[in-house]
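Q: Got final-v3.pdb for you, PDB, C-alpha atoms:
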```pdb
ATOM      1  CA  MET A   1     -44.563 -43.242  29.331
ATOM      2  CA  ASN A   2     -41.119 -42.489  27.912
ATOM      3  CA  VAL A   3     -41.879 -39.790  25.326
ATOM      4  CA  LYS A   4     -38.520 -40.121  23.602
ATOM      5  CA  SER A   5     -38.838 -43.909  23.248
ATOM      6  CA  GLU A   6     -42.431 -43.726  22.002
ATOM      7  CA  LEU A   7     -41.530 -40.991  19.551
ATOM      8  CA  LEU A   8     -38.664 -43.033  18.115
ATOM      9  CA  SER A   9     -40.933 -46.071  17.652
ATOM     10  CA  THR A  10     -43.617 -43.959  15.994
ATOM     11  CA  LEU A  11     -41.162 -42.397  13.561
ATOM     12  CA  ALA A  12     -39.700 -45.834  12.759
ATOM     13  CA  GLU A  13     -43.154 -47.232  12.005
ATOM     14  CA  ALA A  14     -43.738 -44.358   9.543
ATOM     15  CA  ASN A  15     -40.992 -45.891   7.363
ATOM     16  CA  GLY A  16     -39.372 -42.644   6.290
ATOM     17  CA  GLU A  17     -42.571 -40.629   5.876
ATOM     18  CA  PHE A  18     -43.128 -37.289   7.570
ATOM     19  CA  ILE A  19     -45.453 -37.039  10.578
ATOM     20  CA  SER A  20     -46.629 -33.633  11.683
ATOM     21  CA  GLY A  21     -45.798 -32.321  15.131
ATOM     22  CA  ALA A  22     -49.514 -32.031  15.868
ATOM     23  CA  ALA A  23     -50.142 -35.680  14.926
ATOM     24  CA  LEU A  24     -47.221 -36.837  17.048
ATOM     25  CA  ALA A  25     -48.389 -34.752  20.002
ATOM     26  CA  GLU A  26     -51.903 -36.199  19.761
ATOM     27  CA  LYS A  27     -50.669 -39.784  19.416
ATOM     28  CA  LEU A  28     -48.259 -39.480  22.345
ATOM     29  CA  GLY A  29     -50.592 -37.402  24.504
ATOM     30  CA  VAL A  30     -48.095 -34.594  25.019
ATOM     31  CA  SER A  31     -47.595 -31.014  23.844
ATOM     32  CA  ARG A  32     -45.939 -30.110  20.542
ATOM     33  CA  ASN A  33     -43.159 -28.500  22.564
ATOM     34  CA  ALA A  34     -42.570 -31.840  24.325
ATOM     35  CA  VAL A  35     -42.326 -33.499  20.914
ATOM     36  CA  TRP A  36     -39.768 -30.911  19.782
ATOM     37  CA  LYS A  37     -37.699 -31.420  22.934
ATOM     38  CA  ALA A  38     -37.773 -35.207  22.454
ATOM     39  CA  VAL A  39     -36.628 -34.811  18.842
ATOM     40  CA  LYS A  40     -33.717 -32.599  19.918
ATOM     41  CA  SER A  41     -32.764 -35.101  22.611
ATOM     42  CA  LEU A  42     -32.750 -37.964  20.076
ATOM     43  CA  GLU A  43     -30.653 -35.903  17.675
ATOM     44  CA  ALA A  44     -28.177 -35.220  20.481
ATOM     45  CA  GLU A  45     -27.870 -39.002  20.929
ATOM     46  CA  GLY A  46     -26.965 -39.378  17.260
ATOM     47  CA  PHE A  47     -30.276 -40.255  15.621
ATOM     48  CA  SER A  48     -30.772 -38.685  12.190
ATOM     49  CA  ILE A  49     -34.139 -36.898  12.028
ATOM     50  CA  THR A  50     -35.284 -34.414   9.397
ATOM     51  CA  SER A  51     -37.558 -31.534  10.484
ATOM     52  CA  VAL A  52     -39.473 -29.556   7.834
ATOM     53  CA  THR A  53     -41.909 -26.743   8.537
ATOM     54  CA  SER A  54     -45.499 -27.712   7.635
ATOM     55  CA  LYS A  55     -44.440 -31.347   7.112
ATOM     56  CA  GLY A  56     -43.179 -32.368  10.518
ATOM     57  CA  TYR A  57     -40.535 -34.963  11.315
ATOM     58  CA  LYS A  58     -39.181 -38.094   9.727
ATOM     59  CA  LEU A  59     -36.560 -40.635  10.767
ATOM     60  CA  ASN A  60     -33.877 -40.899   8.098
ATOM     61  CA  HIS A  61     -32.839 -44.274   6.717
ATOM     62  CA  ASP A  62     -29.140 -43.639   7.369
ATOM     63  CA  ASN A  63     -29.440 -44.102  11.133
ATOM     64  CA  ASN A  64     -26.652 -46.333  12.379
ATOM     65  CA  ILE A  65     -27.554 -46.518  16.058
ATOM     66  CA  LEU A  66     -28.934 -49.855  17.203
ATOM     67  CA  SER A  67     -32.154 -49.460  19.155
ATOM     68  CA  GLU A  68     -34.979 -51.698  20.334
ATOM     69  CA  ASN A  69     -37.385 -49.025  19.105
ATOM     70  CA  LEU A  70     -35.953 -49.246  15.580
ATOM     71  CA  ILE A  71     -35.840 -53.065  15.469
ATOM     72  CA  SER A  72     -39.199 -54.035  16.968
ATOM     73  CA  PRO A  73     -41.474 -52.370  14.344
ATOM     74  CA  TYR A  74     -40.076 -54.742  11.696
ATOM     75  CA  LEU A  75     -40.392 -57.968  13.685
ATOM     76  CA  ASN A  76     -43.126 -60.372  12.579
ATOM     77  CA  THR A  77     -42.177 -63.245  14.880
ATOM     78  CA  ARG A  78     -44.238 -64.993  17.514
ATOM     79  CA  LYS A  79     -41.444 -65.490  20.048
ATOM     80  CA  ILE A  80     -37.976 -64.768  18.655
ATOM     81  CA  GLY A  81     -36.958 -61.237  19.630
ATOM     82  CA  LYS A  82     -40.089 -60.476  21.625
ATOM     83  CA  VAL A  83     -37.769 -59.996  24.574
ATOM     84  CA  LEU A  84     -35.070 -57.763  23.115
ATOM     85  CA  LYS A  85     -32.060 -56.346  24.939
ATOM     86  CA  VAL A  86     -29.944 -53.791  23.048
ATOM     87  CA  PHE A  87     -26.559 -52.639  24.371
ATOM     88  CA  GLY A  88     -23.804 -50.286  23.289
ATOM     89  CA  THR A  89     -20.776 -52.295  24.402
ATOM     90  CA  VAL A  90     -20.636 -55.767  25.988
ATOM     91  CA  ASP A  91     -17.901 -58.323  26.455
ATOM     92  CA  SER A  92     -19.874 -60.919  24.488
ATOM     93  CA  THR A  93     -23.540 -61.113  23.537
ATOM     94  CA  ASN A  94     -23.361 -64.872  24.122
ATOM     95  CA  ASN A  95     -22.216 -64.212  27.687
ATOM     96  CA  ILE A  96     -25.133 -61.851  28.302
ATOM     97  CA  ALA A  97     -27.602 -64.348  26.826
ATOM     98  CA  ARG A  98     -26.251 -67.127  29.034
ATOM     99  CA  GLU A  99     -26.658 -64.898  32.078
ATOM    100  CA  LEU A 100     -30.256 -64.252  31.046
ATOM    101  CA  GLU A 101     -30.764 -68.001  30.689
ATOM    102  CA  THR A 102     -29.872 -68.497  34.344
ATOM    103  CA  GLU A 103     -32.472 -65.827  35.141
ATOM    104  CA  LYS A 104     -35.047 -67.952  33.262
ATOM    105  CA  SER A 105     -35.476 -65.536  30.376
ATOM    106  CA  PRO A 106     -37.955 -66.976  27.864
ATOM    107  CA  HIS A 107     -37.361 -68.746  24.580
ATOM    108  CA  GLY A 108     -36.479 -66.271  21.857
ATOM    109  CA  THR A 109     -34.792 -63.663  24.065
ATOM    110  CA  ALA A 110     -32.374 -61.727  21.850
ATOM    111  CA  VAL A 111     -29.307 -59.747  22.905
ATOM    112  CA  VAL A 112     -27.957 -57.162  20.450
ATOM    113  CA  ALA A 113     -24.806 -55.078  20.758
ATOM    114  CA  ASP A 114     -23.033 -52.386  18.775
ATOM    115  CA  ARG A 115     -19.631 -53.612  19.964
ATOM    116  CA  GLN A 116     -18.073 -56.618  21.697
ATOM    117  CA  THR A 117     -14.810 -56.421  23.606
ATOM    118  CA  ALA A 118     -14.452 -60.195  23.899
ATOM    119  CA  GLY A 119     -16.401 -61.609  20.977
ATOM    120  CA  ARG A 120     -15.441 -65.175  20.187
ATOM    121  CA  GLY A 121     -15.773 -67.798  17.507
ATOM    122  CA  ARG A 122     -15.349 -71.551  17.542
ATOM    123  CA  ILE A 123     -12.526 -73.178  19.555
ATOM    124  CA  GLY A 124     -11.879 -69.936  21.396
ATOM    125  CA  ARG A 125     -10.903 -67.790  18.423
ATOM    126  CA  LYS A 126     -11.332 -64.037  18.785
ATOM    127  CA  PHE A 127     -14.172 -62.478  16.782
ATOM    128  CA  GLU A 128     -13.406 -58.851  15.913
ATOM    129  CA  SER A 129     -16.427 -56.717  16.802
ATOM    130  CA  PRO A 130     -15.761 -52.985  16.269
ATOM    131  CA  SER A 131     -18.364 -50.318  16.963
ATOM    132  CA  GLY A 132     -20.667 -49.024  14.254
ATOM    133  CA  THR A 133     -19.832 -51.680  11.674
ATOM    134  CA  GLY A 134     -21.309 -55.031  12.634
ATOM    135  CA  LEU A 135     -24.451 -56.672  13.897
ATOM    136  CA  TYR A 136     -23.765 -58.863  16.930
ATOM    137  CA  VAL A 137     -26.776 -60.844  18.088
ATOM    138  CA  SER A 138     -27.265 -63.773  20.462
ATOM    139  CA  ILE A 139     -30.571 -65.589  20.735
ATOM    140  CA  LEU A 140     -31.581 -67.795  23.656
ATOM    141  CA  VAL A 141     -33.618 -70.761  22.442
ATOM    142  CA  ARG A 142     -35.346 -73.448  24.470
ATOM    143  CA  PRO A 143     -36.180 -76.037  21.808
ATOM    144  CA  HIS A 144     -38.557 -78.908  22.393
ATOM    145  CA  PHE A 145     -36.819 -81.370  20.108
ATOM    146  CA  ASP A 146     -34.595 -84.330  20.903
ATOM    147  CA  LEU A 147     -30.889 -83.835  21.595
ATOM    148  CA  SER A 148     -30.028 -85.514  18.286
ATOM    149  CA  PHE A 149     -31.265 -82.398  16.452
ATOM    150  CA  ALA A 150     -28.954 -80.051  18.375
ATOM    151  CA  PRO A 151     -26.083 -80.122  15.830
ATOM    152  CA  MET A 152     -28.451 -78.733  13.200
ATOM    153  CA  ILE A 153     -29.170 -75.483  15.043
ATOM    154  CA  THR A 154     -26.074 -73.745  13.669
ATOM    155  CA  ALA A 155     -26.782 -74.921  10.117
ATOM    156  CA  ALA A 156     -30.370 -73.631  10.305
ATOM    157  CA  ALA A 157     -29.140 -70.307  11.715
ATOM    158  CA  ALA A 158     -26.656 -70.024   8.831
ATOM    159  CA  CYS A 159     -29.505 -70.321   6.322
ATOM    160  CA  ALA A 160     -31.489 -67.665   8.189
ATOM    161  CA  ALA A 161     -28.562 -65.246   8.259
ATOM    162  CA  ALA A 162     -27.775 -65.824   4.574
ATOM    163  CA  GLU A 163     -31.373 -65.103   3.524
ATOM    164  CA  ALA A 164     -31.556 -62.019   5.738
ATOM    165  CA  VAL A 165     -28.403 -60.556   4.168
ATOM    166  CA  GLU A 166     -29.611 -61.311   0.639
ATOM    167  CA  THR A 167     -32.896 -59.536   1.363
ATOM    168  CA  PHE A 168     -31.035 -56.227   1.532
ATOM    169  CA  CYS A 169     -28.182 -56.589  -0.932
ATOM    170  CA  GLY A 170     -29.146 -59.226  -3.514
ATOM    171  CA  ASN A 171     -25.627 -60.683  -3.610
ATOM    172  CA  HIS A 172     -25.484 -64.445  -3.272
ATOM    173  CA  VAL A 173     -24.283 -65.630   0.132
ATOM    174  CA  MET A 174     -22.510 -68.967   0.503
ATOM    175  CA  ILE A 175     -22.066 -71.110   3.622
ATOM    176  CA  LYS A 176     -18.765 -72.681   4.539
ATOM    177  CA  TRP A 177     -19.654 -75.692   6.646
ATOM    178  CA  VAL A 178     -20.691 -75.354   9.275
ATOM    179  CA  ASN A 179     -20.858 -71.830  10.618
ATOM    180  CA  ASP A 180     -19.395 -69.165   8.315
ATOM    181  CA  LEU A 181     -21.062 -67.064   5.620
ATOM    182  CA  TYR A 182     -19.098 -65.924   2.595
ATOM    183  CA  MET A 183     -19.627 -63.296  -0.092
ATOM    184  CA  ASN A 184     -17.332 -63.154  -3.123
ATOM    185  CA  GLY A 185     -14.966 -65.610  -1.470
ATOM    186  CA  LYS A 186     -14.534 -63.726   1.806
ATOM    187  CA  LYS A 187     -16.119 -64.195   5.218
ATOM    188  CA  ILE A 188     -18.882 -61.786   6.244
ATOM    189  CA  CYS A 189     -20.440 -63.679   9.145
ATOM    190  CA  GLY A 190     -19.619 -66.184  11.862
ATOM    191  CA  ILE A 191     -21.981 -68.210  14.048
ATOM    192  CA  LEU A 192     -21.281 -69.780  17.439
ATOM    193  CA  THR A 193     -23.877 -71.994  19.125
ATOM    194  CA  GLU A 194     -23.385 -72.950  22.760
ATOM    195  CA  ALA A 195     -25.734 -75.561  24.218
ATOM    196  CA  SER A 196     -26.686 -76.749  27.689
ATOM    197  CA  LEU A 197     -27.832 -80.325  28.215
ATOM    198  CA  GLY A 198     -30.613 -81.518  30.475
ATOM    199  CA  LEU A 199     -29.791 -83.670  33.489
ATOM    200  CA  GLU A 200     -30.809 -86.855  31.696
ATOM    201  CA  MET A 201     -28.379 -86.015  28.867
ATOM    202  CA  ARG A 202     -31.045 -86.860  26.308
ATOM    203  CA  VAL A 203     -32.633 -83.461  25.965
ATOM    204  CA  LEU A 204     -31.385 -80.023  24.989
ATOM    205  CA  ASP A 205     -32.131 -77.709  27.880
ATOM    206  CA  CYS A 206     -31.289 -74.529  25.963
ATOM    207  CA  ALA A 207     -28.930 -73.119  23.384
ATOM    208  CA  VAL A 208     -27.474 -69.679  22.700
ATOM    209  CA  ILE A 209     -26.981 -68.855  19.018
ATOM    210  CA  GLY A 210     -24.430 -66.097  18.516
ATOM    211  CA  ILE A 211     -24.359 -64.422  15.095
ATOM    212  CA  GLY A 212     -21.893 -61.742  14.030
ATOM    213  CA  ILE A 213     -22.340 -60.061  10.639
ATOM    214  CA  ASN A 214     -19.947 -57.484   9.145
ATOM    215  CA  VAL A 215     -22.387 -54.886   7.795
ATOM    216  CA  ARG A 216     -20.666 -51.516   7.330
ATOM    217  CA  SER A 217     -17.164 -51.103   5.883
ATOM    218  CA  ILE A 218     -14.411 -52.729   7.922
ATOM    219  CA  LYS A 219     -11.510 -51.324   5.859
ATOM    220  CA  ASP A 220     -10.449 -48.969   8.652
ATOM    221  CA  CYS A 221     -11.120 -51.468  11.461
ATOM    222  CA  PHE A 222      -9.369 -54.728  10.543
ATOM    223  CA  ASP A 223      -5.648 -55.241  10.075
ATOM    224  CA  SER A 224      -4.248 -56.120   6.643
ATOM    225  CA  GLU A 225      -3.991 -59.832   7.439
ATOM    226  CA  LEU A 226      -7.623 -60.105   8.556
ATOM    227  CA  LYS A 227      -8.824 -58.099   5.541
ATOM    228  CA  LYS A 228      -7.430 -60.823   3.281
ATOM    229  CA  LYS A 229      -9.976 -63.238   4.739
ATOM    230  CA  ALA A 230     -12.855 -61.083   5.963
ATOM    231  CA  THR A 231     -15.063 -58.471   4.359
ATOM    232  CA  SER A 232     -18.386 -56.723   4.899
ATOM    233  CA  ILE A 233     -21.635 -56.257   3.030
ATOM    234  CA  GLU A 234     -20.796 -52.617   2.285
ATOM    235  CA  ASP A 235     -17.258 -53.392   1.112
ATOM    236  CA  GLU A 236     -18.560 -56.019  -1.324
ATOM    237  CA  THR A 237     -21.704 -54.294  -2.593
ATOM    238  CA  GLY A 238     -21.259 -50.577  -1.923
ATOM    239  CA  LEU A 239     -24.610 -50.639  -0.103
ATOM    240  CA  VAL A 240     -25.049 -49.036   3.311
ATOM    241  CA  ILE A 241     -27.418 -51.403   5.090
ATOM    242  CA  ASN A 242     -29.523 -50.312   8.054
ATOM    243  CA  ARG A 243     -28.405 -52.539  10.923
ATOM    244  CA  ASN A 244     -31.745 -52.302  12.730
ATOM    245  CA  ARG A 245     -33.664 -53.513   9.689
ATOM    246  CA  LEU A 246     -31.153 -56.312   9.121
ATOM    247  CA  CYS A 247     -31.449 -57.377  12.764
ATOM    248  CA  ALA A 248     -35.232 -57.623  12.526
ATOM    249  CA  GLU A 249     -35.046 -59.616   9.298
ATOM    250  CA  LEU A 250     -32.448 -61.944  10.820
ATOM    251  CA  LEU A 251     -34.757 -62.691  13.759
ATOM    252  CA  ASN A 252     -37.733 -63.152  11.408
ATOM    253  CA  LYS A 253     -35.823 -65.651   9.270
ATOM    254  CA  LEU A 254     -34.396 -67.434  12.298
ATOM    255  CA  GLU A 255     -37.842 -68.243  13.664
ATOM    256  CA  VAL A 256     -38.776 -69.756  10.306
ATOM    257  CA  TYR A 257     -35.639 -71.875  10.003
ATOM    258  CA  LEU A 258     -35.661 -73.109  13.595
ATOM    259  CA  GLY A 259     -39.143 -74.430  12.828
ATOM    260  CA  MET A 260     -37.689 -76.485   9.952
ATOM    261  CA  ILE A 261     -35.149 -78.436  11.992
ATOM    262  CA  GLU A 262     -37.242 -81.447  13.026
ATOM    263  CA  ASP A 263     -38.390 -82.254   9.491
ATOM    264  CA  ARG A 264     -34.920 -81.336   8.162
ATOM    265  CA  SER A 265     -36.485 -79.332   5.326
ATOM    266  CA  PHE A 266     -33.964 -76.511   5.813
ATOM    267  CA  LEU A 267     -31.203 -78.826   4.540
ATOM    268  CA  ILE A 268     -32.365 -78.256   0.968
ATOM    269  CA  LYS A 269     -31.461 -74.572   1.296
ATOM    270  CA  TYR A 270     -28.301 -75.334   3.230
ATOM    271  CA  ARG A 271     -26.997 -77.696   0.539
ATOM    272  CA  GLU A 272     -27.692 -75.109  -2.163
ATOM    273  CA  ARG A 273     -25.389 -72.643  -0.404
ATOM    274  CA  GLU A 274     -22.693 -74.954   0.991
ATOM    275  CA  MET A 275     -19.342 -74.142  -0.626
ATOM    276  CA  LEU A 276     -17.047 -77.047   0.356
ATOM    277  CA  THR A 277     -18.940 -79.721  -1.569
ATOM    278  CA  GLY A 278     -17.078 -80.825  -4.688
ATOM    279  CA  ASN A 279     -13.736 -79.494  -3.480
ATOM    280  CA  ILE A 280     -10.661 -81.075  -1.987
ATOM    281  CA  ILE A 281     -10.597 -79.896   1.598
ATOM    282  CA  THR A 282      -8.436 -80.068   4.681
ATOM    283  CA  ALA A 283      -9.818 -80.511   8.192
ATOM    284  CA  ASN A 284      -8.524 -80.933  11.699
ATOM    285  CA  ILE A 285     -10.234 -83.721  13.655
ATOM    286  CA  GLY A 286      -8.855 -83.291  17.134
ATOM    287  CA  THR A 287      -5.116 -83.751  16.637
ATOM    288  CA  GLU A 288      -5.579 -85.495  13.265
ATOM    289  CA  ALA A 289      -5.263 -83.507  10.035
ATOM    290  CA  ILE A 290      -7.049 -84.999   7.031
ATOM    291  CA  ILE A 291      -7.344 -84.241   3.323
ATOM    292  CA  GLY A 292     -10.237 -85.469   1.235
ATOM    293  CA  GLU A 293     -13.004 -84.637  -1.210
ATOM    294  CA  ALA A 294     -16.118 -83.042   0.259
ATOM    295  CA  LEU A 295     -19.041 -85.029  -1.138
ATOM    296  CA  GLY A 296     -21.948 -83.220   0.488
ATOM    297  CA  ILE A 297     -24.036 -82.734   3.609
ATOM    298  CA  ASP A 298     -25.864 -85.675   5.204
ATOM    299  CA  ASP A 299     -29.262 -85.581   6.914
ATOM    300  CA  ASN A 300     -27.689 -84.656  10.251
ATOM    301  CA  ALA A 301     -25.832 -81.671   8.756
ATOM    302  CA  ASN A 302     -22.522 -83.554   8.876
ATOM    303  CA  LEU A 303     -19.930 -83.037   6.131
ATOM    304  CA  ILE A 304     -19.329 -86.192   4.075
ATOM    305  CA  VAL A 305     -15.677 -86.545   3.071
ATOM    306  CA  ARG A 306     -13.958 -89.202   0.953
ATOM    307  CA  LEU A 307     -10.339 -89.753   1.941
ATOM    308  CA  PRO A 308      -7.636 -90.676  -0.607
ATOM    309  CA  SER A 309      -7.904 -94.278   0.659
ATOM    310  CA  GLY A 310     -11.545 -94.357  -0.404
ATOM    311  CA  GLU A 311     -12.794 -94.320   3.184
ATOM    312  CA  ILE A 312     -15.917 -92.207   3.709
ATOM    313  CA  ARG A 313     -15.967 -90.036   6.829
ATOM    314  CA  GLU A 314     -18.913 -88.060   8.172
ATOM    315  CA  LEU A 315     -17.559 -85.085  10.081
ATOM    316  CA  SER A 316     -19.663 -83.530  12.811
ATOM    317  CA  SER A 317     -19.347 -79.874  13.751
ATOM    318  CA  GLY A 318     -18.330 -80.967  17.216
ATOM    319  CA  GLU A 319     -15.222 -82.809  16.055
ATOM    320  CA  ALA A 320     -13.985 -80.882  13.010
ATOM    321  CA  ASN A 321     -12.388 -77.457  12.946
ATOM    322  CA  LEU A 322     -10.349 -75.388  10.497
ATOM    323  CA  CYS A 323     -12.207 -77.063   7.661
ATOM    324  CA  ARG A 324     -11.285 -75.310   4.419
ATOM    325  CA  ILE A 325     -10.736 -75.750   0.683
ATOM    326  CA  LYS A 326      -7.214 -76.973  -0.038
ATOM    327  CA  ALA A 327      -5.094 -74.326  -1.725
TER     328      ALA A 327
END
```
Would you write the structure of this file as structure tokens?
A:
Amino acid sequence: MNVKSELLSTLAEANGEFISGAALAEKLGVSRNAVWKAVKSLEAEGFSITSVTSKGYKLNHDNNILSENLISPYLNTRKIGKVLKVFGTVDSTNNIARELETEKSPHGTAVVADRQTAGRGRIGRKFESPSGTGLYVSILVRPHFDLSFAPMITAAAACAAAEAVETFCGNHVMIKWVNDLYMNGKKICGILTEASLGLEMRVLDCAVIGIGINVRSIKDCFDSELKKKATSIEDETGLVINRNRLCAELLNKLEVYLGMIEDRSFLIKYREREMLTGNIITANIGTEAIIGEALGIDDNANLIVRLPSGEIRELSSGEANLCRIKA
């Protein structure tokens, strides 16, 4: 048994309440001195723990270190996140998840990192991923539905991420089709789904859903140009959100929304949040740039656009990029 790991999980499950040294020693089957040493070791690693004579120990809510032991107690999923890999720094959580896929990791395997050195968005864009500020998660899914449902995975994940964020801050979160979350007109989250097809090309073998959320303040991390477009939960609300709790809630919501793809019931929530509808937008379709009015989201999560000629186009996430409201 890893005393330090078990102690951290036990303190997390206490939800900010004190647990006496004697109770911890009994639960973990070690001496009170071993408990004290484990506490000191965790504090040396950066975990915030309060010790009070006659009360014991409690894990403080301001902890900003990502840990499997601090995420797992808040998971209520059946499969998503049951295999959980937490890292300090990686090149890309999507890359790690894809490596785990080749090792036959099960459906729902989640990779979490404090920092990415090569985080990426759609069409190869760089996704800034500084340490201590964001939540960078990739989930390996092995869905059982037909390939035709694959384009809806990102849209369902966007709904899950939006609800998870709102759980902790209350501010309304909007979705810019298809994969970005916005708060007060600025981007707080990006989603990148990468899929692998089965040999018959009619089934989805697996998909990796990468989600990056700006949680803590990014004012000292992003350059002035990026800060015009991007923001964080803390910068918009003043709230310091616990990244471990947010990660667990994200995985909880994701399992729910992935289960809504085949009956398309998640589209009700998606349409309520979608921010392009009703606006004149610009979009790049391959090498073609178009301008038109966004009319809504169809039953396949495509964006319906009416061109100035009156022609109606249904844009899929696979063909459209740089889709935005016309200035």
Q: In terms of the shortest atom-to-atom distance over only C-alpha atoms, which of A:Ile19, A:Ala156, A:Leu135, A:Leu42 is closest to Gly259 of chain A?
A: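 Ranked by minimum distance to Gly259 of chain A, first place goes to A:Ala156.
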Q: Which residue gives the smallest distance to Arg273 of chain A among A:Thr117, A:Ser41, A:Asn179, A:Asn63, with all atoms listed in the file counted?
A: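 Nearest to Arg273 of chain A: A:Asn179.
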Q: Report as an NGL selection string all protein, DNA and RNA residues lying within 12 Å of Val165 of chain A, evaluated on all atoms listed in the file, omitting residues in the same chain fewer than 4 positions from it.
A: :A and (135 or 158-161 or 169-174 or 181-183 or 188-189 or 212-215 or 232-234 or 237 or 239 or 241-243 or 245-251 or 253)
Q: Between A:Asp220, A:Glu288, A:Glu274, A:Asp298, which has the minimum distance to Val178 of chain A (counting all atoms listed in the file)?
A: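 The shortest atom-to-atom distance to Val178 of chain A comes from A:Glu274.
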Q: Using the chain letters and numbers from the file, which residues does the PyMOL selection byres ((chain A and resi 5) around 10) grab, as a PyMOL selection string?
A: chain A and resi 1-4+6-10+38+42+67-70
Q: Since we have the selection now, will you write its residues out, keeping C-alpha atoms, as a CSV table (one decimal), keeping the file's coordinate frame?
A:
```
chain,number,residue,atom,x,y,z
A,1,MET,CA,-44.6,-43.2,29.3
A,2,ASN,CA,-41.1,-42.5,27.9
A,3,VAL,CA,-41.9,-39.8,25.3
A,4,LYS,CA,-38.5,-40.1,23.6
A,6,GLU,CA,-42.4,-43.7,22.0
A,7,LEU,CA,-41.5,-41.0,19.6
A,8,LEU,CA,-38.7,-43.0,18.1
A,9,SER,CA,-40.9,-46.1,17.7
A,10,THR,CA,-43.6,-44.0,16.0
A,38,ALA,CA,-37.8,-35.2,22.5
A,42,LEU,CA,-32.8,-38.0,20.1
A,67,SER,CA,-32.2,-49.5,19.2
A,68,GLU,CA,-35.0,-51.7,20.3
A,69,ASN,CA,-37.4,-49.0,19.1
A,70,LEU,CA,-36.0,-49.2,15.6
```
Q: Where atoms are absent from segment 130-146 of chain A, fill them in so it carries N, CA and C atoms, then output it as an mmCIF file, in the frame of the given file.
A:
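Dumped to part08.cif:
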```
data_model
loop_
_atom_site.group_PDB
_atom_site.id
_atom_site.type_symbol
_atom_site.label_atom_id
_atom_site.label_comp_id
_atom_site.auth_asym_id
_atom_site.auth_seq_id
_atom_site.Cartn_x
_atom_site.Cartn_y
_atom_site.Cartn_z
ATOM 1 N N PRO A 130 -15.875 -54.442 16.064
ATOM 2 C CA PRO A 130 -15.761 -52.985 16.269
ATOM 3 C C PRO A 130 -17.110 -52.274 16.258
ATOM 4 N N SER A 131 -17.142 -51.109 16.862
ATOM 5 C CA SER A 131 -18.364 -50.318 16.963
ATOM 6 C C SER A 131 -18.788 -49.749 15.610
ATOM 7 N N GLY A 132 -20.106 -49.699 15.415
ATOM 8 C CA GLY A 132 -20.667 -49.024 14.254
ATOM 9 C C GLY A 132 -20.608 -49.784 12.952
ATOM 10 N N THR A 133 -20.022 -50.963 12.940
ATOM 11 C CA THR A 133 -19.832 -51.680 11.674
ATOM 12 C C THR A 133 -20.610 -52.989 11.582
ATOM 13 N N GLY A 134 -20.727 -53.695 12.689
ATOM 14 C CA GLY A 134 -21.309 -55.031 12.634
ATOM 15 C C GLY A 134 -22.641 -55.145 13.342
ATOM 16 N N LEU A 135 -23.239 -56.313 13.171
ATOM 17 C CA LEU A 135 -24.451 -56.672 13.897
ATOM 18 C C LEU A 135 -24.117 -57.909 14.714
ATOM 19 N N TYR A 136 -24.138 -57.769 16.034
ATOM 20 C CA TYR A 136 -23.765 -58.863 16.930
ATOM 21 C C TYR A 136 -24.998 -59.231 17.752
ATOM 22 N N VAL A 137 -25.512 -60.417 17.502
ATOM 23 C CA VAL A 137 -26.776 -60.844 18.088
ATOM 24 C C VAL A 137 -26.637 -62.246 18.681
ATOM 25 N N SER A 138 -27.182 -62.440 19.872
ATOM 26 C CA SER A 138 -27.265 -63.773 20.462
ATOM 27 C C SER A 138 -28.712 -64.042 20.847
ATOM 28 N N ILE A 139 -29.182 -65.231 20.497
ATOM 29 C CA ILE A 139 -30.571 -65.589 20.735
ATOM 30 C C ILE A 139 -30.622 -66.804 21.643
ATOM 31 N N LEU A 140 -31.379 -66.688 22.730
ATOM 32 C CA LEU A 140 -31.581 -67.795 23.656
ATOM 33 C C LEU A 140 -32.765 -68.617 23.171
ATOM 34 N N VAL A 141 -32.534 -69.899 22.898
ATOM 35 C CA VAL A 141 -33.618 -70.761 22.442
ATOM 36 C C VAL A 141 -33.772 -71.931 23.406
ATOM 37 N N ARG A 142 -35.020 -72.290 23.630
ATOM 38 C CA ARG A 142 -35.346 -73.448 24.470
ATOM 39 C C ARG A 142 -36.155 -74.412 23.613
ATOM 40 N N PRO A 143 -35.476 -75.168 22.754
ATOM 41 C CA PRO A 143 -36.180 -76.037 21.808
ATOM 42 C C PRO A 143 -36.827 -77.235 22.497
ATOM 43 N N HIS A 144 -37.839 -77.765 21.843
ATOM 44 C CA HIS A 144 -38.557 -78.908 22.393
ATOM 45 C C HIS A 144 -38.174 -80.211 21.692
ATOM 46 N N PHE A 145 -37.165 -80.147 20.827
ATOM 47 C CA PHE A 145 -36.819 -81.370 20.108
ATOM 48 C C PHE A 145 -35.738 -82.177 20.815
ATOM 49 N N ASP A 146 -35.567 -83.396 20.341
ATOM 50 C CA ASP A 146 -34.595 -84.330 20.903
ATOM 51 C C ASP A 146 -33.167 -83.812 20.727
#
```
